[in-house]
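So this one's work_4.txt, compact mmCIF, C-alpha atoms and all ligand atoms:
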```txt
# COMPACT_ATOMS: atom_id res chain seq x y z
CA MET K 1 164.06 156.64 135.72
CA TYR K 2 163.15 156.25 132.10
CA LEU K 3 163.58 159.25 129.89
CA SER K 4 161.13 158.53 127.21
CA VAL K 5 160.82 161.31 124.74
CA ARG K 6 159.88 159.91 121.46
CA VAL K 7 159.43 161.37 118.08
CA LEU K 8 156.01 162.95 118.33
CA GLY K 9 154.46 162.99 114.91
CA GLY K 10 156.63 164.20 112.10
CA GLY K 11 157.42 162.12 109.09
CA PRO K 12 157.37 158.37 109.18
CA ALA K 13 160.66 156.69 109.98
CA GLY K 14 160.75 155.79 106.33
CA ALA K 15 162.37 152.75 104.88
CA GLY K 16 165.87 153.55 103.79
CA ARG K 17 166.22 156.62 105.97
CA LEU K 18 169.17 156.71 108.31
CA ASN K 19 167.30 156.37 111.54
CA TYR K 20 168.94 157.67 114.65
CA LYS K 21 166.80 155.45 116.81
CA ARG K 22 168.41 152.49 115.12
CA LEU K 23 171.87 153.90 115.64
CA VAL K 24 171.30 154.42 119.33
CA GLY K 25 169.70 151.03 119.72
CA GLN K 26 172.68 149.22 118.26
CA GLY K 27 174.77 147.36 120.82
CA ARG K 28 172.32 147.94 123.64
CA HIS K 29 174.44 150.61 125.26
CA THR K 30 173.10 152.13 128.41
CA ARG K 31 172.41 155.82 128.44
CA ARG K 32 175.26 156.26 130.89
CA GLN K 33 177.72 154.51 128.60
CA LEU K 34 176.63 156.65 125.69
CA LEU K 35 176.92 159.80 127.69
CA LYS K 36 180.35 158.82 128.92
CA ALA K 37 181.52 158.14 125.40
CA ALA K 38 179.98 161.33 124.11
CA LEU K 39 181.44 163.44 126.89
CA GLY K 40 184.85 161.91 126.25
CA GLY K 41 184.56 163.06 122.66
CA ALA K 42 183.76 166.61 123.66
CA ALA K 43 186.40 166.87 126.36
CA GLY K 44 189.29 167.53 124.02
CA ILE K 45 187.89 170.80 122.75
CA ALA K 46 189.87 173.87 123.70
CA LEU K 47 187.80 176.72 124.97
CA GLY K 48 188.07 179.91 123.00
CA ALA K 49 186.62 183.38 123.07
CA PRO K 50 183.16 183.65 121.56
CA ALA K 51 183.32 184.78 117.97
CA ARG K 52 181.71 187.78 116.44
CA LEU K 53 178.53 185.97 115.58
CA LEU K 54 176.12 188.77 115.05
CA ALA K 55 175.93 190.31 111.64
CA ALA K 56 174.21 193.19 110.03
CA ALA K 57 170.72 191.79 110.19
CA GLN K 58 168.42 192.00 107.25
CA ALA K 59 164.70 192.49 107.63
CA PRO K 60 162.61 189.61 106.30
CA GLY K 61 160.96 190.53 103.03
CA ALA K 62 163.63 192.99 102.04
CA GLY K 63 165.10 192.68 98.57
CA ALA K 64 168.19 190.65 97.98
CA THR K 65 171.67 191.94 98.72
CA THR K 66 174.88 190.57 97.25
CA VAL K 67 178.42 190.12 98.57
CA GLN K 68 181.10 189.13 96.08
CA LEU K 69 183.63 186.53 97.30
CA ALA K 70 185.49 185.94 94.01
CA ASP K 71 185.18 186.73 90.28
CA ASP K 72 182.44 184.17 89.89
CA LEU K 73 181.27 183.55 93.45
CA PHE K 74 178.61 185.55 95.30
CA VAL K 75 176.55 185.38 98.47
CA VAL K 76 173.00 186.53 97.73
CA THR K 77 170.95 187.23 100.86
CA ALA K 78 167.18 187.69 101.04
CA GLY K 79 164.96 187.54 104.10
CA GLY K 80 168.06 186.92 106.20
CA ILE K 81 168.89 183.66 104.37
CA ASN K 82 172.09 183.18 102.39
CA VAL K 83 172.36 181.62 98.94
CA LEU K 84 175.77 180.97 97.37
CA ALA K 85 175.95 181.43 93.60
CA ARG K 86 178.74 180.50 91.20
CA THR K 87 178.40 181.93 87.72
CA GLY K 88 180.16 180.78 84.55
CA THR K 89 179.75 179.52 81.02
CA GLY K 90 178.36 176.17 82.10
CA GLY K 91 175.47 177.84 83.89
CA VAL K 92 174.91 178.92 87.46
CA VAL K 93 175.41 176.67 90.47
CA LEU K 94 173.41 177.60 93.57
CA VAL K 95 173.83 176.34 97.10
CA ASP K 96 170.31 176.68 98.52
CA GLY K 97 167.56 178.78 97.00
CA GLY K 98 166.06 180.83 99.82
CA SER K 99 162.45 180.53 100.96
CA ALA K 100 159.41 180.44 98.69
CA ALA K 101 158.65 184.03 99.74
CA THR K 102 162.08 185.28 98.69
CA SER K 103 162.66 182.97 95.72
CA ASP K 104 161.75 185.60 93.11
CA ALA K 105 164.07 188.17 94.66
CA VAL K 106 166.87 185.62 94.92
CA LEU K 107 166.56 184.37 91.35
CA LYS K 108 166.31 187.91 90.02
CA ALA K 109 169.47 188.89 91.89
CA VAL K 110 171.25 185.78 90.65
CA ALA K 111 170.22 186.50 87.05
CA SER K 112 171.78 189.95 87.28
CA LEU K 113 175.17 188.77 88.57
CA PRO K 114 178.19 189.24 86.26
CA GLY K 115 178.58 186.19 84.02
CA SER K 116 175.21 184.81 85.02
CA GLY K 117 173.00 182.48 83.00
CA PRO K 118 170.46 179.75 83.59
CA VAL K 119 170.69 177.91 86.90
CA ARG K 120 171.92 174.42 85.99
CA THR K 121 172.48 172.99 89.45
CA LEU K 122 170.92 173.65 92.85
CA PHE K 123 172.21 172.11 96.05
CA ASN K 124 169.86 171.69 99.02
CA THR K 125 172.03 171.78 102.15
CA HIS K 126 169.04 170.31 104.03
CA TRP K 127 165.25 170.08 103.70
CA HIS K 128 164.12 173.24 105.56
CA PRO K 129 161.83 175.62 103.64
CA GLU K 130 164.28 178.52 103.99
CA GLN K 131 166.65 176.53 101.75
CA THR K 132 164.27 174.80 99.34
CA GLY K 133 161.93 177.62 98.28
CA SER K 134 163.34 177.79 94.74
CA ASN K 135 163.18 174.04 94.15
CA GLU K 136 159.88 174.10 92.29
CA THR K 137 160.79 176.95 89.94
CA LEU K 138 164.21 175.51 89.18
CA GLY K 139 162.97 171.93 88.99
CA LYS K 140 160.43 172.97 86.38
CA ALA K 141 163.27 174.64 84.49
CA SER K 142 165.08 171.26 84.42
CA ALA K 143 167.81 172.18 86.86
CA GLN K 144 169.69 169.40 88.57
CA ILE K 145 168.76 169.43 92.27
CA ILE K 146 171.37 167.71 94.43
CA ALA K 147 170.77 166.62 98.01
CA GLN K 148 171.72 163.92 100.44
CA GLU K 149 169.20 161.09 100.18
CA ASN K 150 167.72 161.78 103.64
CA THR K 151 166.88 165.32 102.54
CA ARG K 152 164.97 163.96 99.56
CA LEU K 153 163.07 161.63 101.87
CA TRP K 154 162.04 164.52 104.17
CA LEU K 155 160.97 166.61 101.19
CA SER K 156 158.78 163.78 99.95
CA THR K 157 156.78 163.47 103.17
CA ASP K 158 154.88 165.83 105.48
CA VAL K 159 156.75 166.93 108.60
CA LYS K 160 155.33 168.35 111.83
CA TRP K 161 157.30 170.02 114.62
CA PRO K 162 155.68 169.09 117.96
CA TRP K 163 157.18 172.04 119.85
CA ASN K 164 155.19 174.64 117.93
CA GLY K 165 152.75 172.63 115.80
CA GLN K 166 154.28 173.91 112.58
CA THR K 167 153.68 171.61 109.63
CA PHE K 168 155.57 171.34 106.38
CA LYS K 169 153.94 169.85 103.33
CA ARG K 170 155.86 167.56 101.05
CA LEU K 171 157.12 169.17 97.87
CA PRO K 172 155.66 168.22 94.49
CA LYS K 173 157.75 165.67 92.64
CA VAL K 174 159.22 168.24 90.25
CA ALA K 175 160.56 170.21 93.23
CA GLN K 176 162.19 167.26 94.95
CA PRO K 177 165.92 166.59 94.60
CA ASN K 178 166.54 164.64 91.42
CA LYS K 179 170.14 163.65 92.13
CA THR K 180 170.90 162.26 95.56
CA PHE K 181 174.00 160.78 97.17
CA TYR K 182 175.00 159.16 100.44
CA THR K 183 178.56 160.18 101.32
CA THR K 184 180.45 162.43 98.90
CA GLY K 185 180.31 163.72 95.36
CA VAL K 186 182.15 165.82 92.78
CA LEU K 187 180.23 168.20 90.52
CA ASP K 188 183.16 169.59 88.54
CA PRO K 189 186.87 170.26 89.10
CA ASP K 190 186.09 173.06 91.54
CA ILE K 191 183.15 171.67 93.49
CA LYS K 192 183.23 168.80 95.94
CA TYR K 193 180.41 168.06 98.31
CA GLY K 194 179.84 165.74 101.21
CA TYR K 195 177.44 164.47 103.80
CA LEU K 196 177.76 165.46 107.45
CA PRO K 197 176.63 162.24 109.14
CA ASP K 198 176.79 163.65 112.65
CA CYS K 199 173.21 164.95 112.33
CA ALA K 200 174.09 168.45 113.42
CA HIS K 201 170.97 170.18 112.16
CA THR K 202 169.03 167.42 110.37
CA ASP K 203 170.00 163.91 109.28
CA GLY K 204 170.58 165.12 105.71
CA ASP K 205 173.07 167.97 106.10
CA LEU K 206 175.61 168.52 103.34
CA TYR K 207 178.49 170.90 102.70
CA VAL K 208 179.68 172.21 99.34
CA HIS K 209 183.37 173.06 98.97
CA PHE K 210 184.48 175.40 96.18
CA GLU K 211 188.06 174.29 96.41
CA ARG K 212 189.81 176.74 94.09
CA LYS K 213 188.26 179.70 95.87
CA ASN K 214 188.47 177.91 99.22
CA VAL K 215 184.88 178.75 100.08
CA LEU K 216 182.81 176.28 102.07
CA ALA K 217 179.01 176.48 102.12
CA VAL K 218 177.66 174.77 105.23
CA GLY K 219 173.93 175.52 105.46
CA ASP K 220 172.52 175.68 108.97
CA VAL K 221 175.14 173.37 110.50
CA VAL K 222 176.90 176.59 111.43
CA SER K 223 174.89 179.62 112.45
CA GLY K 224 176.32 183.00 111.70
CA GLN K 225 173.44 184.77 113.37
CA GLY K 226 171.60 183.66 116.48
CA TRP K 227 170.94 180.28 118.02
CA PRO K 228 169.98 177.58 115.50
CA THR K 229 166.87 175.42 115.50
CA VAL K 230 167.72 172.02 116.90
CA ASP K 231 165.45 170.00 114.65
CA TYR K 232 165.45 166.65 116.42
CA ILE K 233 162.30 165.55 114.60
CA THR K 234 164.36 165.17 111.44
CA GLY K 235 167.45 163.92 113.21
CA GLY K 236 169.43 166.94 114.44
CA TRP K 237 170.84 167.01 117.96
CA ILE K 238 173.21 169.02 120.11
CA GLY K 239 175.88 166.30 120.13
CA GLY K 240 175.72 166.28 116.34
CA MET K 241 176.31 170.02 116.30
CA VAL K 242 179.62 169.43 118.05
CA GLY K 243 180.52 166.61 115.66
CA GLY K 244 179.33 168.43 112.56
CA VAL K 245 181.37 171.55 113.22
CA GLN K 246 184.42 169.43 114.04
CA ARG K 247 183.98 167.58 110.75
CA LEU K 248 183.82 170.90 108.89
CA LEU K 249 187.05 171.95 110.60
CA ALA K 250 188.66 168.89 108.99
CA VAL K 251 187.37 169.88 105.53
CA ALA K 252 188.40 173.54 105.90
CA ASN K 253 191.77 175.16 106.59
CA GLU K 254 192.94 178.43 108.14
CA GLN K 255 192.16 180.40 104.97
CA THR K 256 188.73 178.96 104.22
CA ARG K 257 185.78 181.32 104.08
CA ILE K 258 182.68 179.68 105.49
CA VAL K 259 179.21 180.61 104.24
CA PRO K 260 176.47 179.69 106.73
CA ALA K 261 172.75 179.76 105.98
CA ARG K 262 172.38 182.94 108.04
CA GLY K 263 174.67 185.82 108.92
CA PRO K 264 178.03 186.94 107.59
CA VAL K 265 180.81 184.92 106.04
CA LEU K 266 182.77 183.29 108.85
CA SER K 267 186.42 182.42 109.30
CA PHE K 268 188.12 179.22 110.38
CA ALA K 269 188.64 180.81 113.79
CA ASP K 270 184.89 181.46 114.04
CA LEU K 271 184.28 177.80 113.26
CA LYS K 272 186.68 176.72 116.00
CA THR K 273 184.91 179.01 118.43
CA GLN K 274 181.56 177.46 117.56
CA ALA K 275 182.94 173.94 118.01
CA SER K 276 184.14 174.95 121.45
CA MET K 277 180.89 176.67 122.34
CA TYR K 278 178.69 173.74 121.35
CA GLY K 279 181.09 171.34 123.09
CA THR K 280 180.71 173.29 126.31
CA ILE K 281 176.92 173.43 126.07
CA TYR K 282 176.68 169.78 125.14
CA GLU K 283 178.76 168.78 128.13
CA ARG K 284 176.64 170.86 130.53
CA LEU K 285 173.34 169.56 129.19
CA SER K 286 174.53 165.97 129.18
CA THR K 287 175.58 166.31 132.81
CA MET K 288 172.14 167.64 133.70
CA LEU K 289 170.44 164.84 131.80
CA ASN K 290 172.56 162.31 133.62
CA LYS K 291 171.38 163.78 136.92
CA GLY K 292 167.77 163.28 135.85
CA ARG K 293 167.00 166.95 135.23
CA GLY K 294 164.38 168.08 132.69
CA PRO K 295 164.26 170.73 129.94
CA GLY K 296 162.77 173.42 132.23
CA GLU K 297 165.58 172.95 134.73
CA ALA K 298 168.10 173.03 131.90
CA VAL K 299 166.76 176.39 130.73
CA ALA K 300 166.80 177.76 134.30
CA ALA K 301 170.42 176.69 134.79
CA LYS K 302 171.49 179.04 131.95
CA PRO K 303 174.01 176.67 130.38
CA THR K 304 174.77 179.15 127.59
CA LYS K 305 175.19 182.27 129.70
CA GLU K 306 178.63 183.36 128.51
CA PHE K 307 177.50 183.11 124.88
CA ASP K 308 174.13 184.84 125.09
CA ALA K 309 175.45 188.35 124.47
CA GLN K 310 176.61 187.18 121.03
CA MET K 311 173.91 184.63 120.25
CA GLY K 312 170.73 186.06 121.76
CA ASN K 313 167.99 184.62 123.97
CA PRO K 314 168.83 180.93 124.36
CA ASP K 315 165.67 179.50 125.93
CA GLU K 316 164.20 177.76 122.89
CA PHE K 317 167.63 176.56 121.82
CA VAL K 318 168.38 175.08 125.25
CA ARG K 319 164.97 173.41 125.50
CA ARG K 320 165.27 171.84 122.03
CA SER K 321 168.88 170.83 122.68
CA PHE K 322 167.91 169.07 125.87
CA GLU K 323 165.00 167.32 124.18
CA SER K 324 167.38 166.29 121.41
CA LEU K 325 169.51 164.49 124.01
CA TRP K 326 166.45 162.57 125.10
CA ALA K 327 165.72 161.67 121.51
CA TYR K 328 169.25 160.41 120.98
CA LEU K 329 170.35 158.94 124.24
CA SER K 330 167.28 157.43 125.75
CA PRO K 331 168.15 153.73 126.27
CA ASP K 332 164.77 152.56 125.06
CA ALA K 333 165.01 154.58 121.86
ZN ZN C 401 167.65 174.74 108.80
```
Could you spell out this file's structure in structure tokens?
Amino acid sequence: MYLSVRVLGGGPAGAGRLNYKRLVGQGRHTRRQLLKAALGGAAGIALGAPARLLAAAQAPGAGATTVQLADDLFVVTAGGINVLARTGTGGVVLVDGGSAATSDAVLKAVASLPGSGPVRTLFNTHWHPEQTGSNETLGKASAQIIAQENTRLWLSTDVKWPWNGQTFKRLPKVAQPNKTFYTTGVLDPDIKYGYLPDCAHTDGDLYVHFERKNVLAVGDVVSGQGWPTVDYITGGWIGGMVGGVQRLLAVANEQTRIVPARGPVLSFADLKTQASMYGTIYERLSTMLNKGRGPGEAVAAKPTKEFDAQMGNPDEFVRRSFESLWAYLSPDA
């Protein structure tokens, strides 16, 4: 049978964008060959105990709270979304800016941090509105806005999610990233950043590594609180979640503190647990896909059951994950 999910609406497959359809189409692999290769990649993952993944939740709309990680490094959280701020004489560096609704609270909290000053640089870990809500304010204030090129492309077009009809309007030019890159970059002696080409969450995910403090900001590639959105319309997929977390494990070490977009600061062990968890789920869903099952059957089979106590109701996550396999592995993609 043909499994023909296609990208339903969403942004145009723009010129220059890394297009997963093209990647899958290369070499004319059959779906079975791709699945076999993908399953082989996941098979080496050691199973571990689920991590403590739930955190002290914060009600949306609440004011910002701050956790200090180092003299000049802080996690500012508003509406349940984390922003990482580094202060210093050269100005503030932010990794993500919160949503538009929480932007004022975030920027006010950042301005009151010890050693704070004007925000000089803002990273967008990906295009989602929970991360890019301060872009316009900071862009107008002449901040440098750094993102992977695919993120800029998504922010310069309208996006629609077919699963719930939600639409996202393109950002005005001043709010779009004004410094983009493809693979890696260095901001200053302490800050290195890189692209996560696995398409874990979107096709424009980046990490920012504060090397001296050994803190790694990872956006939504790692969820510290609840199941993530598998945004296959802008390139994310469940296989990429396995690959993305494994890639982060190679950037980090045993002492690294990992700052996800949501939830508490995580440890290297937490990251390993997530790699294992997503590997297990990916393998189960791929097996079901290979047997010709559909998303409803995947949800009913409860492929995440041993993780649900930590991660919450999995139904939407499983459905999107399964659809993301269609989007990636369909032989006519
Ligand atoms: Zn996201």
What are the nearest atom pairs, with distances in Å to one decimal, for all residues of range 155-250 of chain K that come at most 10 Å from range 274-281 of chain K, using only C-alpha atoms, set out by chain and rising residue number as a tab-separated table?
```
residue	atom	partner	partner_atom	distance
K:Val222	CA	K:Gln274	CA	7.7
K:Ser223	CA	K:Gln274	CA	8.7
K:Gly224	CA	K:Gln274	CA	9.6
K:Ile238	CA	K:Tyr278	CA	7.3
K:Gly239	CA	K:Gly279	CA	7.8
K:Gly240	CA	K:Tyr278	CA	9.5
K:Met241	CA	K:Tyr278	CA	6.7
K:Val242	CA	K:Tyr278	CA	5.5
K:Gly243	CA	K:Ala275	CA	8.1
K:Gly244	CA	K:Ala275	CA	8.5
K:Val245	CA	K:Ala275	CA	5.6
K:Gln246	CA	K:Ala275	CA	6.2
K:Arg247	CA	K:Ala275	CA	9.7
K:Leu248	CA	K:Ala275	CA	9.7
K:Leu249	CA	K:Ala275	CA	8.7
```
Using all atoms listed in the file, find the one residue out of K:Phe168, K:Tyr193, K:Trp163, K:Trp227 that sits nearest to His128 in chain K.
->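 Checking each candidate against His128 in chain K, we get K:Phe168 as the closest.
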Padding 8 Å on every side, please: axis-aligned box over the listed atoms of range 106-113 of chain K, centre and edge lengths to one decimal in Å, as JSON.
```
{"center_x": 170.7, "center_y": 187.2, "center_z": 91.0, "size_x": 24.9, "size_y": 21.6, "size_z": 23.9}
```
Using all atoms listed in the file, tabulate the residues of chain K lying at most 12 Å from any atom of ligand ZN 401 (chain C), each with its closest atom pair and that distance in Å to one decimal, by chain and increasing residue number, as CSV.
```
residue,atom,partner,partner_atom,distance
K:Ile81,CA,C:ZN401,ZN,10.0
K:Asn82,CA,C:ZN401,ZN,11.5
K:Asp96,CA,C:ZN401,ZN,10.8
K:Gly98,CA,C:ZN401,ZN,11.0
K:Ser99,CA,C:ZN401,ZN,11.0
K:Asn124,CA,C:ZN401,ZN,10.5
K:Thr125,CA,C:ZN401,ZN,8.5
K:His126,CA,C:ZN401,ZN,6.7
K:Trp127,CA,C:ZN401,ZN,7.3
K:His128,CA,C:ZN401,ZN,5.0
K:Pro129,CA,C:ZN401,ZN,7.8
K:Glu130,CA,C:ZN401,ZN,7.0
K:Gln131,CA,C:ZN401,ZN,7.3
K:Thr132,CA,C:ZN401,ZN,10.0
K:Thr151,CA,C:ZN401,ZN,11.3
K:Cys199,CA,C:ZN401,ZN,11.8
K:Ala200,CA,C:ZN401,ZN,10.1
K:His201,CA,C:ZN401,ZN,6.6
K:Thr202,CA,C:ZN401,ZN,7.6
K:Asp203,CA,C:ZN401,ZN,11.1
K:Gly204,CA,C:ZN401,ZN,10.5
K:Asp205,CA,C:ZN401,ZN,9.1
K:Leu206,CA,C:ZN401,ZN,11.5
K:Val218,CA,C:ZN401,ZN,10.6
K:Gly219,CA,C:ZN401,ZN,7.2
K:Asp220,CA,C:ZN401,ZN,5.0
K:Val221,CA,C:ZN401,ZN,7.8
K:Val222,CA,C:ZN401,ZN,9.8
K:Ser223,CA,C:ZN401,ZN,9.5
K:Trp227,CA,C:ZN401,ZN,11.2
K:Pro228,CA,C:ZN401,ZN,7.6
K:Thr229,CA,C:ZN401,ZN,6.8
K:Val230,CA,C:ZN401,ZN,8.5
K:Asp231,CA,C:ZN401,ZN,7.8
K:Tyr232,CA,C:ZN401,ZN,11.3
K:Thr234,CA,C:ZN401,ZN,10.5
K:Gly235,CA,C:ZN401,ZN,11.7
K:Gly236,CA,C:ZN401,ZN,9.8
K:Pro260,CA,C:ZN401,ZN,10.3
K:Ala261,CA,C:ZN401,ZN,7.7
K:Arg262,CA,C:ZN401,ZN,9.5
```
Distance in Å - CA of Glu149 in chain K versus CA of Leu171 in chain K =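 Value for the CA of Glu149 in chain K-CA of Leu171 in chain K distance: 14.7 Å.
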Could you please determine the separation between CA of Val215 in chain K and CA of Leu69 in chain K in Å, to one decimal place?
->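 Here the two named atoms are 8.4 Å from each other.
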